[in-house]
file entry_39.pdb (PDB, C-alpha atoms and all ligand atoms)
ATOM      1  CA  VAL A   1      20.854  35.187 -23.042
ATOM      2  CA  THR A   2      20.969  31.736 -21.509
ATOM      3  CA  THR A   3      20.681  28.582 -23.574
ATOM      4  CA  ASP A   4      17.187  27.171 -23.921
ATOM      5  CA  ILE A   5      17.174  23.843 -22.110
ATOM      6  CA  SER A   6      13.416  23.581 -21.750
ATOM      7  CA  VAL A   7      11.876  20.139 -22.133
ATOM      8  CA  ARG A   8       8.502  18.683 -22.905
ATOM      9  CA  LEU A   9       7.136  15.634 -21.091
ATOM     10  CA  GLY A  10       3.909  14.916 -22.906
ATOM     11  CA  PRO A  11       1.627  17.831 -21.972
ATOM     12  CA  LEU A  12       4.044  19.156 -19.345
ATOM     13  CA  ARG A  13       6.552  21.799 -20.413
ATOM     14  CA  LEU A  14       9.388  22.592 -17.991
ATOM     15  CA  ARG A  15      11.895  25.461 -18.261
ATOM     16  CA  ASN A  16      14.622  22.895 -17.691
ATOM     17  CA  PRO A  17      14.757  19.164 -16.920
ATOM     18  CA  VAL A  18      15.877  19.451 -13.269
ATOM     19  CA  ILE A  19      13.265  18.817 -10.573
ATOM     20  CA  THR A  20      13.765  18.505  -6.830
ATOM     21  CA  ALA A  21      12.582  15.091  -5.643
ATOM     22  CA  SER A  22       9.628  14.740  -3.320
ATOM     23  CA  GLY A  23      10.528  14.650   0.369
ATOM     24  CA  THR A  24      14.008  16.053  -0.062
ATOM     25  CA  PHE A  25      13.134  19.720  -0.593
ATOM     26  CA  GLY A  26      10.232  20.224   1.829
ATOM     27  CA  TYR A  27       7.425  22.173   0.213
ATOM     28  CA  GLY A  28       9.931  24.332  -1.653
ATOM     29  CA  VAL A  29       9.100  27.509   0.298
ATOM     30  CA  GLU A  30      11.750  26.634   2.925
ATOM     31  CA  TYR A  31      14.454  27.185   0.274
ATOM     32  CA  ALA A  32      13.300  30.561  -1.017
ATOM     33  CA  GLU A  33      15.854  32.413   1.117
ATOM     34  CA  LEU A  34      18.690  30.330  -0.278
ATOM     35  CA  MET A  35      17.896  30.497  -3.976
ATOM     36  CA  ASP A  36      15.487  31.594  -6.659
ATOM     37  CA  VAL A  37      13.290  28.496  -6.745
ATOM     38  CA  SER A  38      11.595  29.683  -9.946
ATOM     39  CA  ARG A  39      14.805  28.748 -11.814
ATOM     40  CA  LEU A  40      14.321  25.064 -11.099
ATOM     41  CA  GLY A  41      12.584  22.929 -13.692
ATOM     42  CA  GLY A  42      10.116  21.979 -10.993
ATOM     43  CA  ILE A  43       9.654  21.225  -7.319
ATOM     44  CA  SER A  44       7.998  17.936  -6.461
ATOM     45  CA  VAL A  45       6.640  18.728  -3.021
ATOM     46  CA  LYS A  46       6.538  16.344  -0.067
ATOM     47  CA  GLY A  47       3.701  13.863  -0.620
ATOM     48  CA  ILE A  48       0.328  15.390   0.207
ATOM     49  CA  SER A  49      -2.550  13.335   1.599
ATOM     50  CA  LEU A  50      -6.161  14.394   2.173
ATOM     51  CA  ALA A  51      -5.637  14.618   5.953
ATOM     52  CA  PRO A  52      -2.420  15.685   7.713
ATOM     53  CA  ARG A  53      -0.149  12.817   8.802
ATOM     54  CA  LYS A  54       2.265  12.621  11.733
ATOM     55  CA  GLY A  55       4.439   9.949  10.126
ATOM     56  CA  ASN A  56       6.657   7.299  11.698
ATOM     57  CA  PRO A  57       8.503   7.274  15.057
ATOM     58  CA  PRO A  58      11.985   8.880  15.166
ATOM     59  CA  PRO A  59      14.763   8.534  14.249
ATOM     60  CA  ARG A  60      13.472   8.811  10.687
ATOM     61  CA  ILE A  61      16.747   9.245   8.827
ATOM     62  CA  CYS A  62      20.185   7.695   9.135
ATOM     63  CA  GLU A  63      23.353   7.863   7.068
ATOM     64  CA  THR A  64      24.767   4.802   5.337
ATOM     65  CA  PRO A  65      27.767   4.345   3.011
ATOM     66  CA  CYS A  66      27.077   6.380  -0.139
ATOM     67  CA  GLY A  67      23.490   6.963   0.835
ATOM     68  CA  MET A  68      20.842   7.362   3.470
ATOM     69  CA  LEU A  69      17.898   5.478   4.858
ATOM     70  CA  ASN A  70      14.600   7.166   5.592
ATOM     71  CA  SER A  71      11.356   6.106   7.128
ATOM     72  CA  ILE A  72       9.361   9.306   7.339
ATOM     73  CA  GLY A  73       5.997   7.627   6.851
ATOM     74  CA  LEU A  74       4.678  10.375   4.585
ATOM     75  CA  ALA A  75       4.338  12.960   7.341
ATOM     76  CA  ASN A  76       2.726  16.030   5.765
ATOM     77  CA  ILE A  77       0.489  19.008   6.450
ATOM     78  CA  GLY A  78      -2.466  17.655   4.465
ATOM     79  CA  TYR A  79      -4.450  19.049   1.537
ATOM     80  CA  ASP A  80      -6.157  22.001   3.264
ATOM     81  CA  ALA A  81      -3.018  23.530   4.788
ATOM     82  CA  PHE A  82      -1.029  22.949   1.619
ATOM     83  CA  VAL A  83      -3.579  24.598  -0.652
ATOM     84  CA  GLY A  84      -4.512  27.314   1.837
ATOM     85  CA  GLN A  85      -1.042  28.373   2.998
ATOM     86  CA  THR A  86       1.807  26.831   1.036
ATOM     87  CA  LEU A  87       0.615  26.858  -2.540
ATOM     88  CA  PRO A  88      -0.134  30.625  -2.631
ATOM     89  CA  ARG A  89       3.451  31.276  -1.469
ATOM     90  CA  LEU A  90       4.848  28.925  -4.123
ATOM     91  CA  ARG A  91       2.798  30.794  -6.731
ATOM     92  CA  GLU A  92       4.247  34.125  -5.553
ATOM     93  CA  LEU A  93       7.734  32.651  -5.851
ATOM     94  CA  GLY A  94       7.046  31.622  -9.455
ATOM     95  CA  ALA A  95       7.877  27.977  -8.732
ATOM     96  CA  THR A  96       6.780  25.189 -11.045
ATOM     97  CA  VAL A  97       4.894  22.980  -8.625
ATOM     98  CA  ILE A  98       4.509  19.249  -9.045
ATOM     99  CA  VAL A  99       2.245  17.922  -6.319
ATOM    100  CA  ASN A 100       3.242  14.478  -5.123
ATOM    101  CA  THR A 101       0.123  12.745  -3.796
ATOM    102  CA  TYR A 102      -0.459   9.869  -1.421
ATOM    103  CA  GLY A 103      -3.685   7.971  -0.811
ATOM    104  CA  THR A 104      -4.546   4.713   0.918
ATOM    105  CA  SER A 105      -6.979   3.710  -1.851
ATOM    106  CA  ALA A 106      -7.553   4.443  -5.534
ATOM    107  CA  ASP A 107     -10.565   6.516  -4.447
ATOM    108  CA  GLU A 108      -8.441   8.692  -2.183
ATOM    109  CA  PHE A 109      -5.919   9.252  -4.956
ATOM    110  CA  ALA A 110      -8.789  10.181  -7.270
ATOM    111  CA  GLU A 111     -10.284  12.566  -4.708
ATOM    112  CA  LEU A 112      -6.950  14.363  -4.346
ATOM    113  CA  ALA A 113      -6.612  14.575  -8.117
ATOM    114  CA  ARG A 114     -10.140  15.986  -8.432
ATOM    115  CA  ARG A 115      -9.434  18.645  -5.816
ATOM    116  CA  PHE A 116      -6.074  19.675  -7.286
ATOM    117  CA  ASP A 117      -7.651  19.885 -10.729
ATOM    118  CA  SER A 118      -9.496  23.062  -9.745
ATOM    119  CA  VAL A 119      -6.630  24.695  -7.851
ATOM    120  CA  GLN A 120      -4.388  27.334  -9.436
ATOM    121  CA  GLY A 121      -0.636  26.926  -9.623
ATOM    122  CA  VAL A 122      -0.234  23.170 -10.006
ATOM    123  CA  ALA A 123       1.788  22.099 -13.050
ATOM    124  CA  ALA A 124       1.359  18.345 -12.610
ATOM    125  CA  LEU A 125       0.554  15.571 -10.178
ATOM    126  CA  GLU A 126       3.062  12.920  -9.207
ATOM    127  CA  VAL A 127       1.247   9.837  -7.970
ATOM    128  CA  ASN A 128       3.266   8.055  -5.312
ATOM    129  CA  ILE A 129       2.643   4.332  -5.511
ATOM    130  CA  SER A 130       6.115   3.473  -4.273
ATOM    131  CA  CYS A 131       6.637   4.591  -0.660
ATOM    132  CA  PRO A 132       8.077   1.655   1.313
ATOM    133  CA  ASN A 133       7.297   3.172   4.739
ATOM    134  CA  VAL A 134       3.508   2.932   5.092
ATOM    135  CA  LYS A 135       1.201   0.041   5.944
ATOM    136  CA  GLN A 136      -1.455   0.968   3.387
ATOM    137  CA  GLY A 137      -1.023   2.257  -0.148
ATOM    138  CA  GLY A 138       2.451   3.279  -1.237
ATOM    139  CA  ILE A 139       4.549   0.388  -2.458
ATOM    140  CA  HIS A 140       1.589  -2.000  -2.063
ATOM    141  CA  PHE A 141       0.067  -0.377  -5.167
ATOM    142  CA  GLY A 142       3.330  -0.100  -7.032
ATOM    143  CA  VAL A 143       4.764  -3.602  -7.065
ATOM    144  CA  ALA A 144       2.252  -5.207  -9.439
ATOM    145  CA  PRO A 145       0.715  -4.038 -12.738
ATOM    146  CA  GLU A 146      -2.967  -4.371 -11.723
ATOM    147  CA  PRO A 147      -3.129  -2.145  -8.624
ATOM    148  CA  ALA A 148      -0.706   0.324 -10.232
ATOM    149  CA  ALA A 149      -2.988   0.592 -13.270
ATOM    150  CA  ALA A 150      -6.113   0.892 -11.113
ATOM    151  CA  VAL A 151      -4.723   3.901  -9.216
ATOM    152  CA  THR A 152      -3.501   5.503 -12.448
ATOM    153  CA  ARG A 153      -6.893   5.026 -14.151
ATOM    154  CA  ALA A 154      -8.725   6.548 -11.189
ATOM    155  CA  VAL A 155      -6.416   9.577 -11.136
ATOM    156  CA  ARG A 156      -6.533   9.965 -14.922
ATOM    157  CA  ALA A 157     -10.324  10.060 -14.860
ATOM    158  CA  ALA A 158     -10.333  12.706 -12.115
ATOM    159  CA  THR A 159      -8.041  15.391 -13.556
ATOM    160  CA  ARG A 160      -6.874  17.201 -16.664
ATOM    161  CA  LEU A 161      -3.500  17.890 -15.049
ATOM    162  CA  PRO A 162      -0.485  16.012 -16.393
ATOM    163  CA  VAL A 163      -0.134  12.772 -14.414
ATOM    164  CA  ILE A 164       3.286  11.405 -13.487
ATOM    165  CA  VAL A 165       3.370   8.016 -11.755
ATOM    166  CA  LYS A 166       6.331   7.329  -9.461
ATOM    167  CA  LEU A 167       7.476   3.717  -9.532
ATOM    168  CA  SER A 168       9.211   1.435  -7.054
ATOM    169  CA  PRO A 169      12.382  -0.501  -7.874
ATOM    170  CA  GLU A 170      10.928  -3.356  -5.858
ATOM    171  CA  ALA A 171       8.377  -4.396  -8.477
ATOM    172  CA  ALA A 172       9.178  -7.930  -9.625
ATOM    173  CA  ASP A 173       8.332  -6.861 -13.174
ATOM    174  CA  LEU A 174       9.101  -3.148 -13.344
ATOM    175  CA  VAL A 175       8.646  -2.959 -17.118
ATOM    176  CA  GLY A 176       5.249  -4.640 -16.706
ATOM    177  CA  VAL A 177       4.194  -2.053 -14.119
ATOM    178  CA  ALA A 178       5.493   0.780 -16.314
ATOM    179  CA  ARG A 179       3.522  -0.541 -19.294
ATOM    180  CA  ALA A 180       0.402  -0.906 -17.177
ATOM    181  CA  VAL A 181       0.502   2.679 -15.888
ATOM    182  CA  ALA A 182       1.274   4.027 -19.360
ATOM    183  CA  ASP A 183      -1.703   2.111 -20.774
ATOM    184  CA  ALA A 184      -3.847   3.420 -17.907
ATOM    185  CA  GLY A 185      -3.162   7.010 -18.944
ATOM    186  CA  ALA A 186       0.016   8.200 -17.210
ATOM    187  CA  ASP A 187       1.625  11.106 -19.095
ATOM    188  CA  ALA A 188       5.055  10.390 -17.618
ATOM    189  CA  ILE A 189       6.755   7.984 -15.251
ATOM    190  CA  SER A 190       9.258   8.883 -12.546
ATOM    191  CA  LEU A 191      11.661   6.225 -11.294
ATOM    192  CA  ILE A 192      13.048   5.097  -8.958
ATOM    193  CA  ASN A 193      11.814   5.547  -5.413
ATOM    194  CA  THR A 194      13.962   4.103  -2.610
ATOM    195  CA  ILE A 195      14.933   0.476  -2.061
ATOM    196  CA  ARG A 196      14.164  -1.045   1.349
ATOM    197  CA  GLY A 197      17.144  -1.381   3.639
ATOM    198  CA  MET A 198      18.121  -1.615   7.286
ATOM    199  CA  SER A 199      20.981  -0.458   9.482
ATOM    200  CA  ILE A 200      21.667  -1.664  13.050
ATOM    201  CA  ASP A 201      23.557   0.096  15.843
ATOM    202  CA  VAL A 202      25.790  -2.723  17.083
ATOM    203  CA  GLU A 203      26.219  -1.147  20.540
ATOM    204  CA  THR A 204      22.518  -0.835  21.352
ATOM    205  CA  ARG A 205      21.602  -3.720  19.005
ATOM    206  CA  ARG A 206      18.672  -1.619  17.852
ATOM    207  CA  PRO A 207      17.786  -0.628  14.302
ATOM    208  CA  ARG A 208      19.016   2.878  13.603
ATOM    209  CA  LEU A 209      15.569   3.878  12.329
ATOM    210  CA  GLY A 210      12.597   4.050  14.672
ATOM    211  CA  ALA A 211      10.537   2.046  12.201
ATOM    212  CA  GLY A 212      13.281  -0.572  11.783
ATOM    213  CA  ILE A 213      13.279  -0.701   8.010
ATOM    214  CA  GLY A 214      13.474   2.270   5.648
ATOM    215  CA  GLY A 215      14.170   3.307   2.068
ATOM    216  CA  LEU A 216      17.723   3.613   0.742
ATOM    217  CA  SER A 217      18.576   6.549  -1.518
ATOM    218  CA  GLY A 218      21.706   8.352  -2.692
ATOM    219  CA  PRO A 219      24.639   7.405  -4.944
ATOM    220  CA  ALA A 220      24.470   3.805  -3.659
ATOM    221  CA  ILE A 221      21.366   3.190  -5.768
ATOM    222  CA  ARG A 222      22.362   5.169  -8.878
ATOM    223  CA  PRO A 223      23.492   2.263 -11.105
ATOM    224  CA  ILE A 224      20.299   0.376 -10.276
ATOM    225  CA  ALA A 225      18.219   3.412 -11.213
ATOM    226  CA  VAL A 226      20.137   4.004 -14.460
ATOM    227  CA  ARG A 227      19.594   0.378 -15.445
ATOM    228  CA  MET A 228      15.880   0.599 -14.700
ATOM    229  CA  VAL A 229      15.440   3.818 -16.691
ATOM    230  CA  TYR A 230      17.286   2.148 -19.564
ATOM    231  CA  GLU A 231      15.043  -0.929 -19.486
ATOM    232  CA  VAL A 232      11.785   0.991 -19.143
ATOM    233  CA  HIS A 233      12.784   3.466 -21.885
ATOM    234  CA  ARG A 234      13.321   0.632 -24.356
ATOM    235  CA  ALA A 235       9.916  -0.896 -23.587
ATOM    236  CA  VAL A 236       7.531   1.984 -22.887
ATOM    237  CA  GLY A 237       6.777   5.113 -24.922
ATOM    238  CA  VAL A 238       5.952   7.686 -22.235
ATOM    239  CA  PRO A 239       8.576  10.229 -21.086
ATOM    240  CA  LEU A 240      10.633   9.200 -18.055
ATOM    241  CA  ILE A 241      11.967  11.201 -15.135
ATOM    242  CA  GLY A 242      15.113   9.596 -13.703
ATOM    243  CA  ILE A 243      15.776   9.589  -9.961
ATOM    244  CA  GLY A 244      18.500   7.923  -7.900
ATOM    245  CA  GLY A 245      21.651   9.433  -6.432
ATOM    246  CA  ILE A 246      21.922  12.388  -8.806
ATOM    247  CA  ALA A 247      24.368  14.926  -7.389
ATOM    248  CA  GLY A 248      25.813  16.626 -10.461
ATOM    249  CA  LEU A 249      26.009  16.965 -14.223
ATOM    250  CA  ARG A 250      27.661  13.632 -15.024
ATOM    251  CA  ASP A 251      25.062  11.753 -12.988
ATOM    252  CA  ALA A 252      22.215  13.538 -14.765
ATOM    253  CA  LEU A 253      23.800  12.883 -18.171
ATOM    254  CA  GLU A 254      23.869   9.150 -17.418
ATOM    255  CA  PHE A 255      20.134   9.252 -16.833
ATOM    256  CA  PHE A 256      19.431  11.236 -20.012
ATOM    257  CA  LEU A 257      21.530   8.824 -22.067
ATOM    258  CA  ALA A 258      19.714   5.860 -20.494
ATOM    259  CA  GLY A 259      16.373   7.349 -21.563
ATOM    260  CA  ALA A 260      15.214   9.952 -19.050
ATOM    261  CA  SER A 261      13.731  13.199 -20.400
ATOM    262  CA  ALA A 262      14.155  14.909 -17.028
ATOM    263  CA  VAL A 263      15.763  14.128 -13.677
ATOM    264  CA  GLN A 264      15.052  14.637 -10.012
ATOM    265  CA  VAL A 265      17.669  15.549  -7.426
ATOM    266  CA  GLY A 266      16.956  13.864  -4.088
ATOM    267  CA  SER A 267      19.246  13.137  -1.129
ATOM    268  CA  ALA A 268      22.014  15.369  -2.520
ATOM    269  CA  SER A 269      19.947  18.430  -1.524
ATOM    270  CA  TYR A 270      20.557  17.487   2.126
ATOM    271  CA  THR A 271      24.307  17.986   1.781
ATOM    272  CA  ASN A 272      24.033  21.009  -0.506
ATOM    273  CA  PRO A 273      20.598  22.609  -0.908
ATOM    274  CA  ARG A 274      21.787  24.276  -4.132
ATOM    275  CA  THR A 275      22.605  20.979  -5.856
ATOM    276  CA  ALA A 276      19.606  21.142  -8.214
ATOM    277  CA  LEU A 277      20.218  24.765  -9.175
ATOM    278  CA  ASP A 278      23.950  24.102  -9.688
ATOM    279  CA  LEU A 279      22.903  21.256 -11.970
ATOM    280  CA  VAL A 280      20.634  23.572 -13.989
ATOM    281  CA  GLU A 281      23.563  25.930 -14.553
ATOM    282  CA  ALA A 282      25.993  23.109 -15.375
ATOM    283  CA  LEU A 283      23.537  21.656 -17.877
ATOM    284  CA  GLU A 284      23.042  25.048 -19.507
ATOM    285  CA  ARG A 285      26.821  25.393 -19.949
ATOM    286  CA  TYR A 286      27.130  21.818 -21.230
ATOM    287  CA  CYS A 287      24.371  22.286 -23.820
ATOM    288  CA  GLU A 288      25.724  25.671 -24.878
ATOM    289  CA  GLU A 289      29.289  24.392 -25.325
ATOM    290  CA  ARG A 290      28.140  21.385 -27.329
ATOM    291  CA  ARG A 291      25.288  23.172 -29.074
ATOM    292  CA  ILE A 292      22.792  20.490 -28.197
ATOM    293  CA  THR A 293      19.484  20.298 -26.395
ATOM    294  CA  PRO A 294      18.708  17.948 -23.499
ATOM    295  CA  ALA A 295      16.183  16.183 -25.757
ATOM    296  CA  GLU A 296      18.994  15.104 -28.090
ATOM    297  CA  LEU A 297      20.611  13.194 -25.239
ATOM    298  CA  VAL A 298      17.543  11.169 -24.316
ATOM    299  CA  GLY A 299      18.166   7.464 -24.884
ATOM    300  CA  ALA A 300      21.388   8.237 -26.804
ATOM    301  CA  VAL A 301      23.490   5.618 -25.036
ATOM    302  CA  VAL A 302      25.524   3.979 -27.796
ATOM    303  CA  SER A 303      25.123   0.370 -26.835
ATOM    304  CA  GLY A 304      23.595  -1.218 -23.783
ATOM    305  CA  ASP A 305      23.792  -4.888 -24.612
TER     306      ASP A 305
HETATM  307  C1  LIG B 401       8.374   8.584   3.415
HETATM  308  O1  LIG B 401       7.702   9.593   3.668
HETATM  309  O2  LIG B 401       8.423   7.632   4.195
HETATM  310  C2  LIG B 401       9.130   8.479   2.124
HETATM  311  C3  LIG B 401       8.246   8.641   0.951
HETATM  312  C4  LIG B 401       8.544   7.712  -0.167
HETATM  313  O3  LIG B 401       9.543   6.980  -0.148
HETATM  314  O4  LIG B 401       7.768   7.687  -1.125
END
call {"tool": "encode", "arguments": {"input": "entry_39.pdb", "output": "structure tokens"}}
result
Amino acid sequence: VTTDISVRLGPLRLRNPVITASGTFGYGVEYAELMDVSRLGGISVKGISLAPRKGNPPPRICETPCGMLNSIGLANIGYDAFVGQTLPRLRELGATVIVNTYGTSADEFAELARRFDSVQGVAALEVNISCPNVKQGGIHFGVAPEPAAAVTRAVRAATRLPVIVKLSPEAADLVGVARAVADAGADAISLINTIRGMSIDVETRRPRLGAGIGGLSGPAIRPIAVRMVYEVHRAVGVPLIGIGGIAGLRDALEFFLAGASAVQVGSASYTNPRTALDLVEALERYCEERRITPAELVGAVVSGD
């Protein structure tokens, strides 16, 4: 018998608090040959828009010290292909599916939410108002309380599914944005998305990403993310999902102690696709040895200031 490390995030119950982060684990189905994806707490799939998107010019990813830059531009197969082909396969695999959504307006976000509301096999929606790589939507909604709240309200009104809103570290007043989306009806908040960065090839003198600028992820941003989870947890009552350079148990524990009720594993899945599942097993052992539940760790940092 394995230790029960299930968690509750408002209306969303997960078998464990380890989710694969959107964009770093495809649509989940690609990993089914490598592992039993039903053992993950959840899979947040690559952001889905109403219509398919080609995304940004290559190269779309480059390595940097302790992290990586991406500018994918939310390339995805679109709602119809996802629901028609991918979602049935995810259901067969027993995966807990969190659908990350992307729209260029509050209405588009609401339309996606309405459609997913009547589809089987979706555990929750993650509303992406924090992508730095698109001209419309994305981070433009996420950096100020008003537009962030407007998108959240529109989604909330369109679905009974649990709504997670994914925030950007680039908001001038992150706590203000978090409060606004919580007041607008978000069931949970995930944070942080990437931080804009740039890398230049000094031989060619060209940016190493086709789009020039991209989003930085990986261990380089972990302390920033831990600090932001800590600050938002102290100010806002909704459950938090911590994201930012999590590659193992100690990293995840930092996020729980700072105030996260669950975590997402992102870039680390590129170096080892089993990172999230290894983390599930490590957390089970940790909780068993110490006879505690993940919930007891949430916000249990002894002193922050
Ligand atoms: C991308 O597709 O460009 C990344 C998505 C994101 O950062 O939200």
call {"tool": "resolve_selection", "arguments": {"input": "entry_39.pdb", "expression": "the PyMOL selection byres (((chain A and resi 62) around 12) and not hetatm)", "output": "ChimeraX atom specification"}}
result
/A:58-61,63-72,197-201,207-218,267
call {"tool": "residues_near_ligand", "arguments": {"input": "entry_39.pdb", "ligand": "ligand LIG 401 (chain B)", "cutoff": "9 Å", "atoms": "all atoms listed in the file", "output": "number ranges by chain"}}
result
A: 22-23, 46-47, 55-56, 60, 70-76, 102, 128-134, 138-139, 166, 168, 193-195, 214-216
call {"tool": "resolve_selection", "arguments": {"input": "entry_39.pdb", "expression": "the PyMOL selection byres (((chain A and resi 263) around 10) and not hetatm)", "output": "JSON, numbers by chain"}}
result
{"A": [16, 17, 18, 19, 20, 21, 41, 190, 191, 240, 241, 242, 243, 244, 246, 251, 252, 253, 255, 256, 260, 261, 262, 264, 265, 266, 276]}
call {"tool": "write_last_selection", "arguments": {"input": "entry_39.pdb", "atoms": "C-alpha atoms", "output": "compact mmCIF listing (two decimals), in the frame of the given file"}}
result
# COMPACT_ATOMS: atom_id res chain seq x y z
CA ASN A 16 14.62 22.90 -17.69
CA PRO A 17 14.76 19.16 -16.92
CA VAL A 18 15.88 19.45 -13.27
CA ILE A 19 13.26 18.82 -10.57
CA THR A 20 13.76 18.50 -6.83
CA ALA A 21 12.58 15.09 -5.64
CA GLY A 41 12.58 22.93 -13.69
CA SER A 190 9.26 8.88 -12.55
CA LEU A 191 11.66 6.22 -11.29
CA LEU A 240 10.63 9.20 -18.06
CA ILE A 241 11.97 11.20 -15.14
CA GLY A 242 15.11 9.60 -13.70
CA ILE A 243 15.78 9.59 -9.96
CA GLY A 244 18.50 7.92 -7.90
CA ILE A 246 21.92 12.39 -8.81
CA ASP A 251 25.06 11.75 -12.99
CA ALA A 252 22.22 13.54 -14.76
CA LEU A 253 23.80 12.88 -18.17
CA PHE A 255 20.13 9.25 -16.83
CA PHE A 256 19.43 11.24 -20.01
CA ALA A 260 15.21 9.95 -19.05
CA SER A 261 13.73 13.20 -20.40
CA ALA A 262 14.16 14.91 -17.03
CA GLN A 264 15.05 14.64 -10.01
CA VAL A 265 17.67 15.55 -7.43
CA GLY A 266 16.96 13.86 -4.09
CA ALA A 276 19.61 21.14 -8.21
call {"tool": "closest_residue", "arguments": {"input": "entry_39.pdb", "among": "A:Val202, A:Val163, A:Leu277, A:Gly299", "to": "Val229 in chain A", "atoms": "all atoms listed in the file"}}
result
A:Gly299
call {"tool": "atom_distance", "arguments": {"input": "entry_39.pdb", "atom1": "CA of Pro11 in chain A", "atom2": "CA of Pro273 in chain A"}}
result
28.7 Å
call {"tool": "resolve_selection", "arguments": {"input": "entry_39.pdb", "expression": "the PyMOL selection byres (((chain A and resi 150) around 10) and not hetatm)", "output": "VMD selection string"}}
result
chain A and resid 105 to 107 141 145 to 149 151 to 156 180 to 181 184
call {"tool": "write_last_selection", "arguments": {"input": "entry_39.pdb", "atoms": "C-alpha atoms", "output": "PDB file, in the coordinates of the input"}}
result
ATOM      1  CA  SER A 105      -6.979   3.710  -1.851  1.00  0.00           C
ATOM      2  CA  ALA A 106      -7.553   4.443  -5.534  1.00  0.00           C
ATOM      3  CA  ASP A 107     -10.565   6.516  -4.447  1.00  0.00           C
ATOM      4  CA  PHE A 141       0.067  -0.377  -5.167  1.00  0.00           C
ATOM      5  CA  PRO A 145       0.715  -4.038 -12.738  1.00  0.00           C
ATOM      6  CA  GLU A 146      -2.967  -4.371 -11.723  1.00  0.00           C
ATOM      7  CA  PRO A 147      -3.129  -2.145  -8.624  1.00  0.00           C
ATOM      8  CA  ALA A 148      -0.706   0.324 -10.232  1.00  0.00           C
ATOM      9  CA  ALA A 149      -2.988   0.592 -13.270  1.00  0.00           C
ATOM     10  CA  VAL A 151      -4.723   3.901  -9.216  1.00  0.00           C
ATOM     11  CA  THR A 152      -3.501   5.503 -12.448  1.00  0.00           C
ATOM     12  CA  ARG A 153      -6.893   5.026 -14.151  1.00  0.00           C
ATOM     13  CA  ALA A 154      -8.725   6.548 -11.189  1.00  0.00           C
ATOM     14  CA  VAL A 155      -6.416   9.577 -11.136  1.00  0.00           C
ATOM     15  CA  ARG A 156      -6.533   9.965 -14.922  1.00  0.00           C
ATOM     16  CA  ALA A 180       0.402  -0.906 -17.177  1.00  0.00           C
ATOM     17  CA  VAL A 181       0.502   2.679 -15.888  1.00  0.00           C
ATOM     18  CA  ALA A 184      -3.847   3.420 -17.907  1.00  0.00           C
TER      19      ALA A 184
END
call {"tool": "closest_residue", "arguments": {"input": "entry_39.pdb", "among": "A:Ala157, A:Ala144, A:Ala81, A:Arg15", "to": "Gly94 in chain A", "atoms": "only C-alpha atoms"}}
result
A:Arg15
call {"tool": "closest_residue", "arguments": {"input": "entry_39.pdb", "among": "A:Leu14, A:Thr2, A:Ala158, A:Pro219", "to": "Ser118 in chain A", "atoms": "only C-alpha atoms"}}
result
A:Ala158
call {"tool": "residues_around", "arguments": {"input": "entry_39.pdb", "residues": "Thr86 in chain A", "least_positions_apart": "2", "cutoff": "12 Å", "atoms": "all atoms listed in the file", "output": "CSV table (one decimal) with C-alpha atoms, in the coordinates of the input"}}
result
chain,number,residue,atom,x,y,z
A,26,GLY,CA,10.2,20.2,1.8
A,27,TYR,CA,7.4,22.2,0.2
A,28,GLY,CA,9.9,24.3,-1.7
A,29,VAL,CA,9.1,27.5,0.3
A,30,GLU,CA,11.8,26.6,2.9
A,45,VAL,CA,6.6,18.7,-3.0
A,46,LYS,CA,6.5,16.3,-0.1
A,48,ILE,CA,0.3,15.4,0.2
A,76,ASN,CA,2.7,16.0,5.8
A,77,ILE,CA,0.5,19.0,6.4
A,78,GLY,CA,-2.5,17.7,4.5
A,79,TYR,CA,-4.4,19.0,1.5
A,80,ASP,CA,-6.2,22.0,3.3
A,81,ALA,CA,-3.0,23.5,4.8
A,82,PHE,CA,-1.0,22.9,1.6
A,83,VAL,CA,-3.6,24.6,-0.7
A,84,GLY,CA,-4.5,27.3,1.8
A,88,PRO,CA,-0.1,30.6,-2.6
A,89,ARG,CA,3.5,31.3,-1.5
A,90,LEU,CA,4.8,28.9,-4.1
A,91,ARG,CA,2.8,30.8,-6.7
A,92,GLU,CA,4.2,34.1,-5.6
A,93,LEU,CA,7.7,32.7,-5.9
A,95,ALA,CA,7.9,28.0,-8.7
A,97,VAL,CA,4.9,23.0,-8.6
A,99,VAL,CA,2.2,17.9,-6.3
A,121,GLY,CA,-0.6,26.9,-9.6
A,122,VAL,CA,-0.2,23.2,-10.0
call {"tool": "atom_distance", "arguments": {"input": "entry_39.pdb", "atom1": "CA of Arg227 in chain A", "atom2": "CA of Leu279 in chain A"}}
result
21.4 Å
call {"tool": "atom_distance", "arguments": {"input": "entry_39.pdb", "atom1": "CA of Ala295 in chain A", "atom2": "CA of Leu283 in chain A"}}
result
12.1 Å
call {"tool": "axis_aligned_box", "arguments": {"input": "entry_39.pdb", "around": "range 154-171 of chain A", "padding_each_side": "8 Å", "output": "AutoDock Vina command-line options"}}
result
--center_x 1.0 --center_y 6.7 --center_z -11.3 --size_x 38.7 --size_y 38.3 --size_z 26.8
call {"tool": "closest_residue", "arguments": {"input": "entry_39.pdb", "among": "A:Val119, A:Glu126, A:Arg114, A:Asp187", "to": "Pro239 in chain A", "atoms": "all atoms listed in the file"}}
result
A:Asp187
call {"tool": "closest_residue", "arguments": {"input": "entry_39.pdb", "among": "A:Arg196, A:Gly103, A:Glu296, A:Ala235", "to": "Arg53 in chain A", "atoms": "only C-alpha atoms"}}
result
A:Gly103
call {"tool": "residues_near_point", "arguments": {"input": "entry_39.pdb", "point": "(0.3, 16.7, -17.5)", "cutoff": "8 Å", "atoms": "only C-alpha atoms", "output": "number ranges by chain"}}
result
A: 9-12, 123-125, 160-164, 187-188
